[in-house]
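**Student:** Next comes work21.csv, CSV, C-alpha atoms:
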chain,number,residue,atom,x,y,z
A,4,MET,CA,0.0,0.0,0.0
A,5,SER,CA,1.3,3.5,-0.9
A,6,ASN,CA,2.3,6.0,1.8
A,7,ILE,CA,2.0,9.0,-0.6
A,8,SER,CA,-0.9,10.7,1.2
A,9,SER,CA,0.7,10.7,4.7
A,10,ASN,CA,4.1,11.5,3.3
A,11,LEU,CA,2.8,14.5,1.3
A,12,LYS,CA,1.0,15.9,4.4
A,13,PHE,CA,4.1,15.5,6.6
A,14,LEU,CA,6.5,17.0,4.1
A,15,ARG,CA,4.3,20.0,3.4
A,16,LYS,CA,3.9,20.8,7.0
A,17,LYS,CA,7.6,20.4,7.7
A,18,LYS,CA,8.2,23.0,5.0
A,19,GLY,CA,5.7,25.3,6.7
A,20,LEU,CA,3.5,25.4,3.6
A,21,THR,CA,-0.2,25.7,3.4
A,22,GLN,CA,-2.1,23.6,0.9
A,23,GLN,CA,-2.6,26.6,-1.3
A,24,GLN,CA,1.1,27.5,-1.2
A,25,PHE,CA,2.1,24.0,-2.1
A,26,ALA,CA,-0.5,23.9,-4.9
A,27,ASP,CA,0.9,27.1,-6.3
A,28,LEU,CA,4.5,25.7,-6.3
A,29,MET,CA,3.3,22.5,-8.1
A,30,GLU,CA,1.0,24.5,-10.4
A,31,ILE,CA,-2.1,22.5,-9.4
A,32,LYS,CA,-5.4,23.2,-7.7
A,33,ARG,CA,-5.6,23.4,-3.9
A,34,ALA,CA,-8.4,20.8,-4.0
A,35,SER,CA,-6.1,18.3,-5.6
A,36,VAL,CA,-3.6,18.7,-2.7
A,37,GLY,CA,-6.4,17.9,-0.3
A,38,ALA,CA,-7.4,14.9,-2.3
A,39,TYR,CA,-3.9,13.6,-2.3
A,40,GLU,CA,-3.3,14.1,1.4
A,41,GLU,CA,-6.7,12.5,2.3
A,42,ASP,CA,-5.9,9.5,0.1
A,43,ARG,CA,-8.9,10.2,-2.2
A,44,ALA,CA,-6.6,10.3,-5.2
A,45,GLU,CA,-3.0,9.8,-6.2
A,46,PRO,CA,-0.7,12.2,-8.2
A,47,LYS,CA,0.0,11.2,-11.8
A,48,TYR,CA,3.5,10.1,-12.7
A,49,GLU,CA,4.8,13.4,-13.9
A,50,LEU,CA,3.4,15.3,-10.9
A,51,LEU,CA,4.8,12.6,-8.5
A,52,LYS,CA,8.2,13.1,-10.1
A,53,LYS,CA,8.0,16.8,-9.8
A,54,ILE,CA,7.1,16.5,-6.1
A,55,ALA,CA,9.9,14.1,-5.4
A,56,GLU,CA,12.4,16.4,-7.1
A,57,TYR,CA,11.1,19.4,-5.0
A,58,TYR,CA,11.7,17.4,-1.8
A,59,GLU,CA,15.0,15.9,-3.1
A,60,LEU,CA,13.6,12.4,-2.8
A,61,THR,CA,13.3,9.4,-5.1
A,62,MET,CA,9.8,8.5,-6.2
A,63,ASP,CA,10.3,5.1,-4.5
A,64,GLU,CA,11.0,6.9,-1.2
A,65,LEU,CA,8.0,9.2,-1.6
A,66,ALA,CA,5.6,6.4,-2.5
A,67,ASN,CA,6.8,3.5,-0.3
A,68,ASP,CA,8.8,4.8,2.7
A,69,VAL,CA,7.1,6.0,5.9
A,70,ILE,CA,8.5,9.6,6.1
A,71,ASP,CA,8.4,11.1,9.5
A,72,GLU,CA,10.7,12.7,12.1
A,73,LYS,CA,12.6,9.4,12.5
A,74,TRP,CA,13.0,8.7,8.8
A,75,LYS,CA,16.5,9.0,7.2
A,76,PRO,CA,17.2,8.7,3.5
A,77,VAL,CA,19.4,5.9,2.2
A,78,ALA,CA,22.5,7.1,0.3
A,79,LYS,CA,21.5,7.3,-3.4
A,80,SER,CA,24.7,5.8,-4.7
A,81,ASN,CA,24.4,2.6,-2.7
A,82,ALA,CA,24.4,-0.1,-5.3
A,83,SER,CA,22.6,-2.6,-3.1
A,84,ASN,CA,19.6,-0.3,-2.5
A,85,LEU,CA,16.2,-2.0,-2.8
A,86,ARG,CA,14.6,-0.8,-6.1
A,87,VAL,CA,11.0,-1.1,-7.1
A,88,LEU,CA,10.6,-2.6,-10.6
A,89,SER,CA,7.4,-2.0,-12.6
A,90,VAL,CA,6.3,-5.2,-14.3
A,91,THR,CA,3.2,-6.6,-16.1
A,92,VAL,CA,1.7,-10.1,-15.6
A,93,ASP,CA,-0.4,-12.4,-17.7
A,94,SER,CA,-3.8,-13.9,-16.9
A,95,GLU,CA,-2.1,-16.5,-14.7
A,96,ASP,CA,-0.1,-13.9,-12.7
A,97,ARG,CA,3.2,-14.7,-14.4
A,98,GLU,CA,5.5,-11.9,-15.3
A,99,ASN,CA,5.7,-10.8,-18.9
A,100,ILE,CA,8.8,-9.9,-20.8
A,101,GLU,CA,8.3,-6.2,-21.9
A,102,LEU,CA,9.9,-5.1,-25.1
A,103,VAL,CA,11.6,-1.7,-25.3
A,104,PRO,CA,12.0,-0.9,-29.0
A,105,VAL,CA,14.5,1.7,-30.2
A,106,LYS,CA,11.7,4.3,-30.8
A,107,ALA,CA,10.6,3.9,-27.1
A,108,SER,CA,14.1,4.2,-25.7
A,109,ALA,CA,13.9,8.0,-25.0
A,110,GLY,CA,10.5,7.6,-23.3
A,111,TYR,CA,11.8,4.7,-21.2
A,112,LEU,CA,14.2,7.0,-19.3
A,113,ASN,CA,11.2,8.9,-17.9
A,114,GLY,CA,8.8,6.0,-17.7
A,115,TYR,CA,10.8,3.0,-16.6
A,116,GLY,CA,9.3,3.3,-13.1
A,117,ASP,CA,5.8,4.2,-14.2
A,118,PRO,CA,3.5,1.2,-14.2
A,119,GLU,CA,1.2,2.9,-16.8
A,120,PHE,CA,4.1,3.4,-19.2
A,121,VAL,CA,5.4,-0.1,-18.8
A,122,LYS,CA,1.9,-1.5,-19.3
A,123,GLU,CA,1.9,0.1,-22.8
A,124,LEU,CA,5.1,-1.6,-24.0
A,125,PRO,CA,4.7,-4.7,-26.2
A,126,ARG,CA,5.1,-7.9,-24.2
A,127,PHE,CA,5.6,-11.6,-24.6
A,128,SER,CA,6.7,-14.7,-22.7
A,129,LEU,CA,9.2,-17.5,-23.2
A,130,PRO,CA,8.6,-20.9,-21.5
A,131,PHE,CA,12.3,-21.3,-20.6
A,132,MET,CA,12.5,-18.0,-18.7
A,133,LYS,CA,10.3,-18.5,-15.7
A,134,GLN,CA,12.5,-17.4,-12.8
A,135,GLY,CA,13.4,-13.8,-12.5
A,136,SER,CA,12.3,-10.5,-14.1
A,137,TYR,CA,13.1,-10.0,-17.7
A,138,ARG,CA,12.9,-7.2,-20.3
A,139,ALA,CA,13.8,-7.1,-23.9
A,140,PHE,CA,15.7,-4.2,-25.5
A,141,GLU,CA,16.2,-3.5,-29.2
A,142,ILE,CA,19.8,-2.3,-29.9
A,143,LYS,CA,21.0,-0.1,-32.7
A,144,GLY,CA,24.4,0.7,-34.1
A,145,ASP,CA,27.5,-1.4,-34.7
A,146,SER,CA,29.3,-1.1,-31.4
A,147,MET,CA,28.6,-4.7,-30.4
A,148,LEU,CA,29.4,-6.5,-33.7
A,149,PRO,CA,29.0,-9.3,-34.7
A,150,LEU,CA,25.6,-8.8,-33.1
A,151,PRO,CA,23.8,-6.6,-35.7
A,152,SER,CA,21.9,-3.5,-35.3
A,153,GLY,CA,18.2,-4.2,-34.7
A,154,SER,CA,18.9,-7.3,-32.6
A,155,ILE,CA,16.8,-7.7,-29.4
A,156,ILE,CA,18.6,-8.5,-26.2
A,157,ILE,CA,16.6,-10.4,-23.6
A,158,ALA,CA,18.0,-9.5,-20.2
A,159,GLU,CA,17.4,-10.2,-16.5
A,160,TYR,CA,16.9,-7.5,-13.9
A,161,VAL,CA,19.9,-6.9,-11.6
A,162,GLU,CA,18.8,-5.5,-8.2
A,163,ASN,CA,22.3,-5.4,-6.6
A,164,TRP,CA,24.8,-3.7,-8.8
A,165,HIS,CA,27.7,-5.3,-7.0
A,166,ASP,CA,26.6,-8.6,-8.7
A,167,VAL,CA,27.6,-7.2,-12.1
A,168,LYS,CA,30.4,-9.4,-13.5
A,169,SER,CA,33.4,-8.0,-15.4
A,170,GLY,CA,33.5,-9.5,-18.9
A,171,SER,CA,29.8,-10.2,-19.2
A,172,THR,CA,27.3,-8.2,-21.3
A,173,TYR,CA,24.5,-6.0,-19.9
A,174,VAL,CA,21.9,-3.5,-20.8
A,175,VAL,CA,22.7,-0.4,-18.8
A,176,VAL,CA,20.0,2.4,-18.6
A,177,SER,CA,21.5,5.7,-17.6
A,178,ALA,CA,20.3,9.3,-17.5
A,179,ASN,CA,23.0,10.6,-19.8
A,180,ASP,CA,23.5,7.7,-22.3
A,181,GLY,CA,20.0,6.2,-22.4
A,182,VAL,CA,19.7,2.5,-23.1
A,183,VAL,CA,23.0,0.8,-24.2
A,184,TYR,CA,24.2,-2.7,-24.6
A,185,LYS,CA,27.8,-3.2,-23.6
A,186,ARG,CA,30.4,-5.5,-22.0
A,187,ILE,CA,31.5,-4.6,-18.5
A,188,GLY,CA,35.1,-3.6,-18.3
A,189,GLN,CA,35.4,-3.5,-14.5
A,190,LYS,CA,33.1,-4.3,-11.6
A,191,PHE,CA,30.8,-1.6,-10.2
A,192,LYS,CA,32.5,1.0,-8.0
A,193,GLU,CA,30.6,3.3,-5.8
A,194,ASP,CA,32.8,6.3,-6.6
A,195,LYS,CA,33.1,5.7,-10.3
A,196,GLY,CA,30.2,3.6,-11.6
A,197,LEU,CA,30.7,1.2,-14.4
A,198,LYS,CA,33.3,0.9,-17.2
A,199,LEU,CA,31.5,0.0,-20.4
A,200,VAL,CA,33.4,-1.7,-23.3
A,201,SER,CA,32.2,-2.3,-26.9
A,202,ASP,CA,33.0,-5.5,-28.7
A,203,ASN,CA,33.7,-3.4,-31.8
A,204,LYS,CA,37.2,-2.2,-30.9
A,205,THR,CA,36.8,1.0,-33.0
A,206,TYR,CA,34.8,2.3,-30.0
A,207,GLU,CA,36.7,3.5,-26.9
A,208,PRO,CA,35.6,2.2,-23.5
A,209,TYR,CA,34.0,4.8,-21.2
A,210,TRP,CA,32.7,5.2,-17.6
A,211,VAL,CA,29.1,5.8,-16.5
A,212,ASP,CA,28.8,7.6,-13.2
A,213,ALA,CA,27.0,5.7,-10.4
A,214,ALA,CA,24.6,8.6,-9.9
A,215,ASP,CA,23.5,8.5,-13.5
A,216,ILE,CA,22.7,4.7,-13.6
A,217,LEU,CA,18.9,4.0,-13.5
A,218,GLU,CA,18.8,0.2,-14.2
A,219,ILE,CA,21.1,-2.7,-15.1
A,220,TRP,CA,19.9,-5.8,-16.9
A,221,LYS,CA,22.1,-8.9,-17.5
A,222,ALA,CA,22.0,-10.2,-21.1
A,223,LYS,CA,20.6,-13.8,-21.2
A,224,ALA,CA,19.7,-14.3,-24.9
A,225,PHE,CA,19.1,-12.4,-28.1
A,226,ILE,CA,16.8,-12.4,-31.1
A,227,SER,CA,18.0,-11.4,-34.5
A,228,MET,CA,16.4,-11.3,-38.0
A,229,GLU,CA,19.8,-11.7,-39.6
A,230,LEU,CA,21.0,-15.3,-39.7
A,231,PRO,CA,24.8,-15.9,-39.4
A,232,GLU,CA,26.7,-16.4,-42.6
A,233,PRO,CA,28.9,-19.5,-43.0
A,234,SER,CA,32.5,-19.2,-42.2
A,235,PRO,CA,34.5,-18.4,-45.4
A,236,GLU,CA,36.8,-21.1,-46.8
A,237,PRO,CA,40.4,-20.6,-45.7
A,238,THR,CA,42.6,-19.0,-48.4
A,239,LEU,CA,46.2,-19.9,-49.2
A,240,GLU,CA,47.3,-16.6,-47.8
A,241,GLY,CA,45.3,-17.1,-44.6
A,242,LEU,CA,46.8,-20.6,-44.1
A,243,SER,CA,50.3,-19.2,-44.8
A,244,ALA,CA,49.8,-16.5,-42.2
A,245,MET,CA,48.6,-19.1,-39.6
A,246,MET,CA,51.6,-21.3,-40.2
A,247,ALA,CA,54.0,-18.3,-39.9
A,248,GLN,CA,52.4,-17.3,-36.6
A,249,MET,CA,52.6,-20.9,-35.3
A,250,GLN,CA,56.3,-21.0,-36.3
A,251,LYS,CA,57.0,-17.7,-34.6
A,252,THR,CA,55.3,-19.0,-31.4
A,253,ILE,CA,57.3,-22.2,-31.5
A,254,ASN,CA,60.6,-20.3,-32.0
A,255,SER,CA,59.9,-18.1,-29.0
A,256,VAL,CA,59.3,-21.1,-26.8
A,257,VAL,CA,62.5,-22.8,-28.0
A,258,ASP,CA,64.5,-19.6,-27.4
A,259,LYS,CA,63.3,-19.4,-23.8
A,260,ASN,CA,64.4,-23.0,-23.1
Any chance you could put this one into structure tokens?

**Tutor:**
Amino acid sequence: MSNISSNLKFLRKKKGLTQQQFADLMEIKRASVGAYEEDRAEPKYELLKKIAEYYELTMDELANDVIDEKWKPVAKSNASNLRVLSVTVDSEDRENIELVPVKASAGYLNGYGDPEFVKELPRFSLPFMKQGSYRAFEIKGDSMLPLPSGSIIIAEYVENWHDVKSGSTYVVVSANDGVVYKRIGQKFKEDKGLKLVSDNKTYEPYWVDAADILEIWKAKAFISMELPEPSPEPTLEGLSAMMAQMQKTINSVVDKN
């Protein structure tokens, strides 16, 4: 059950604001403030976000914590913080896999925590993915070749960012870079965030600040409309190069002995 009504009332009074003053700040009607505080209605997502920003809280804290004189916020950069994930379920109460297509990526940054937004995403299920929470992301560009642009990455939600493993691939959702699919260069660091590496070496690795990270999803499978091409037949030049490299390696071992 949400604690929005009691939290809004406590926070407003702590600021020394009347309902009308708070309504003016939020650019809403005073009657709406009364309805929210009396639990007769709940603010829409955009207004809830605006209120949370005004009080310097997360929307999760505003909606779910019991905010009173004894309440203390949890450090925002703590990678093990409990996060609330919005999901949809089928008729048998099983979680769906929601698809975030490229065209919805920008909206996802604002709506990832909004149940109404998530509910509008395309969704499907896979019988072999029953345990865990999954989401599918369409990727674009050539930074993760040989996986082609337009591939769909099916990934599992990572609640504790310290569980992220170096060398594995993840979908990282961040405020500045949006939705990206990358390989992890180093494990999560509270003071630095994550080092992201492209499989296409023409792209330089880079860091994403911990404060900018919104969600992390571990890649589990992919769907692609491009079938892999057969490996080309070895050429004489290629075989010669392989033999030369083998000979060079053998010579180096012999020289060391």

**Student:** Just to confirm, what's the straight-line distance from atom CA of Glu95 of chain A to atom CA of Arg138 of chain A in Å (one decimal)?

**Tutor:**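 Separating atom CA of Glu95 of chain A from atom CA of Arg138 of chain A is a distance of 18.5 Å.
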
**Student:** So which one's closest to Lys198 of chain A, A:Tyr39, A:Trp220, A:Phe127, A:Tyr173? Using only C-alpha atoms, please.

**Tutor:**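 Residue with the minimum atom-to-atom distance to Lys198 of chain A: A:Tyr173.
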
**Student:** How many Å separate atom CA of Gln189 of chain A from atom CA of Tyr160 of chain A?

**Tutor:** 18.9 Å

**Student:** For Phe120 of chain A, which residue among A:Lys251, A:Lys53, A:Lys47, A:Lys12 is the nearest when counting all atoms listed in the file?

**Tutor:**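 Result for the nearest residue to Phe120 of chain A: A:Lys47.
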
**Student:** Mind giving me the straight-line distance from atom CA of Asn113 of chain A to atom CA of Gly170 of chain A in Å, one decimal?

**Tutor:** 28.9 Å

**Student:** Residues at most 10 Å from Gly196 of chain A, counting all atoms listed in the file, excluding those fewer than 3 positions away in the same chain, as a ChimeraX atom specification?

**Tutor:** /A:80,82,164,189-193,199,210-216

**Student:** Measuring between only C-alpha atoms, which one of A:Tyr137, A:Tyr58, A:Phe131, A:Trp74 shows the shortest distance to Thr91 of chain A?

**Tutor:**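 Distance minimum relative to Thr91 of chain A lands on A:Tyr137.
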
**Student:** Output segment 150-161 of chain A as a compact mmCIF listing (two decimals), keeping the file's coordinate frame, making sure all heavy atoms are there.

**Tutor:**
# COMPACT_ATOMS: atom_id res chain seq x y z
N LEU A 150 27.03 -8.86 -33.28
CA LEU A 150 25.60 -8.80 -33.10
C LEU A 150 25.09 -7.54 -33.87
O LEU A 150 25.51 -6.41 -33.60
CB LEU A 150 25.29 -8.57 -31.59
CG LEU A 150 23.96 -9.12 -31.07
CD1 LEU A 150 23.89 -10.63 -31.28
CD2 LEU A 150 23.77 -8.79 -29.60
N PRO A 151 24.21 -7.75 -34.85
CA PRO A 151 23.80 -6.60 -35.70
C PRO A 151 22.86 -5.66 -35.12
O PRO A 151 22.15 -5.98 -34.17
CB PRO A 151 23.20 -7.38 -36.94
CG PRO A 151 22.64 -8.63 -36.35
CD PRO A 151 23.59 -9.03 -35.25
N SER A 152 22.85 -4.46 -35.67
CA SER A 152 21.90 -3.50 -35.30
C SER A 152 20.47 -3.98 -35.52
O SER A 152 20.21 -4.63 -36.53
CB SER A 152 22.10 -2.16 -36.06
OG SER A 152 21.20 -1.16 -35.67
N GLY A 153 19.56 -3.73 -34.59
CA GLY A 153 18.20 -4.20 -34.70
C GLY A 153 17.97 -5.52 -33.93
O GLY A 153 16.83 -5.97 -33.79
N SER A 154 19.05 -6.12 -33.39
CA SER A 154 18.90 -7.30 -32.60
C SER A 154 18.17 -6.95 -31.26
O SER A 154 18.20 -5.81 -30.80
CB SER A 154 20.26 -7.91 -32.22
OG SER A 154 20.95 -8.32 -33.37
N ILE A 155 17.51 -7.93 -30.68
CA ILE A 155 16.80 -7.70 -29.40
C ILE A 155 17.48 -8.53 -28.34
O ILE A 155 17.65 -9.74 -28.45
CB ILE A 155 15.32 -8.16 -29.57
CG1 ILE A 155 14.60 -7.23 -30.56
CG2 ILE A 155 14.62 -8.15 -28.21
CD1 ILE A 155 13.21 -7.67 -30.91
N ILE A 156 17.90 -7.83 -27.30
CA ILE A 156 18.60 -8.50 -26.20
C ILE A 156 17.54 -8.75 -25.08
O ILE A 156 16.83 -7.85 -24.64
CB ILE A 156 19.67 -7.55 -25.58
CG1 ILE A 156 20.68 -7.14 -26.67
CG2 ILE A 156 20.38 -8.25 -24.42
CD1 ILE A 156 21.43 -8.29 -27.27
N ILE A 157 17.45 -10.01 -24.67
CA ILE A 157 16.60 -10.40 -23.60
C ILE A 157 17.44 -10.45 -22.30
O ILE A 157 18.43 -11.19 -22.27
CB ILE A 157 15.87 -11.72 -23.81
CG1 ILE A 157 15.07 -11.65 -25.12
CG2 ILE A 157 14.96 -12.07 -22.65
CD1 ILE A 157 14.47 -12.96 -25.54
N ALA A 158 17.10 -9.65 -21.31
CA ALA A 158 18.00 -9.50 -20.20
C ALA A 158 17.22 -9.62 -18.84
O ALA A 158 16.02 -9.34 -18.77
CB ALA A 158 18.70 -8.16 -20.23
N GLU A 159 17.95 -10.06 -17.80
CA GLU A 159 17.40 -10.20 -16.50
C GLU A 159 17.71 -9.07 -15.57
O GLU A 159 18.86 -8.59 -15.57
CB GLU A 159 17.87 -11.55 -15.84
CG GLU A 159 17.26 -11.87 -14.49
CD GLU A 159 17.73 -13.20 -13.93
OE1 GLU A 159 18.72 -13.75 -14.46
OE2 GLU A 159 17.11 -13.69 -12.97
N TYR A 160 16.76 -8.62 -14.80
CA TYR A 160 16.90 -7.50 -13.90
C TYR A 160 17.99 -7.73 -12.85
O TYR A 160 17.98 -8.78 -12.20
CB TYR A 160 15.61 -7.11 -13.27
CG TYR A 160 15.63 -5.85 -12.43
CD1 TYR A 160 15.88 -4.62 -13.01
CD2 TYR A 160 15.38 -5.91 -11.06
CE1 TYR A 160 15.88 -3.46 -12.24
CE2 TYR A 160 15.38 -4.76 -10.29
CZ TYR A 160 15.62 -3.53 -10.89
OH TYR A 160 15.62 -2.40 -10.11
N VAL A 161 18.90 -6.78 -12.66
CA VAL A 161 19.90 -6.90 -11.60
C VAL A 161 19.57 -5.89 -10.51
O VAL A 161 19.58 -4.67 -10.72
CB VAL A 161 21.33 -6.53 -12.19
CG1 VAL A 161 22.37 -6.59 -11.08
CG2 VAL A 161 21.69 -7.48 -13.32
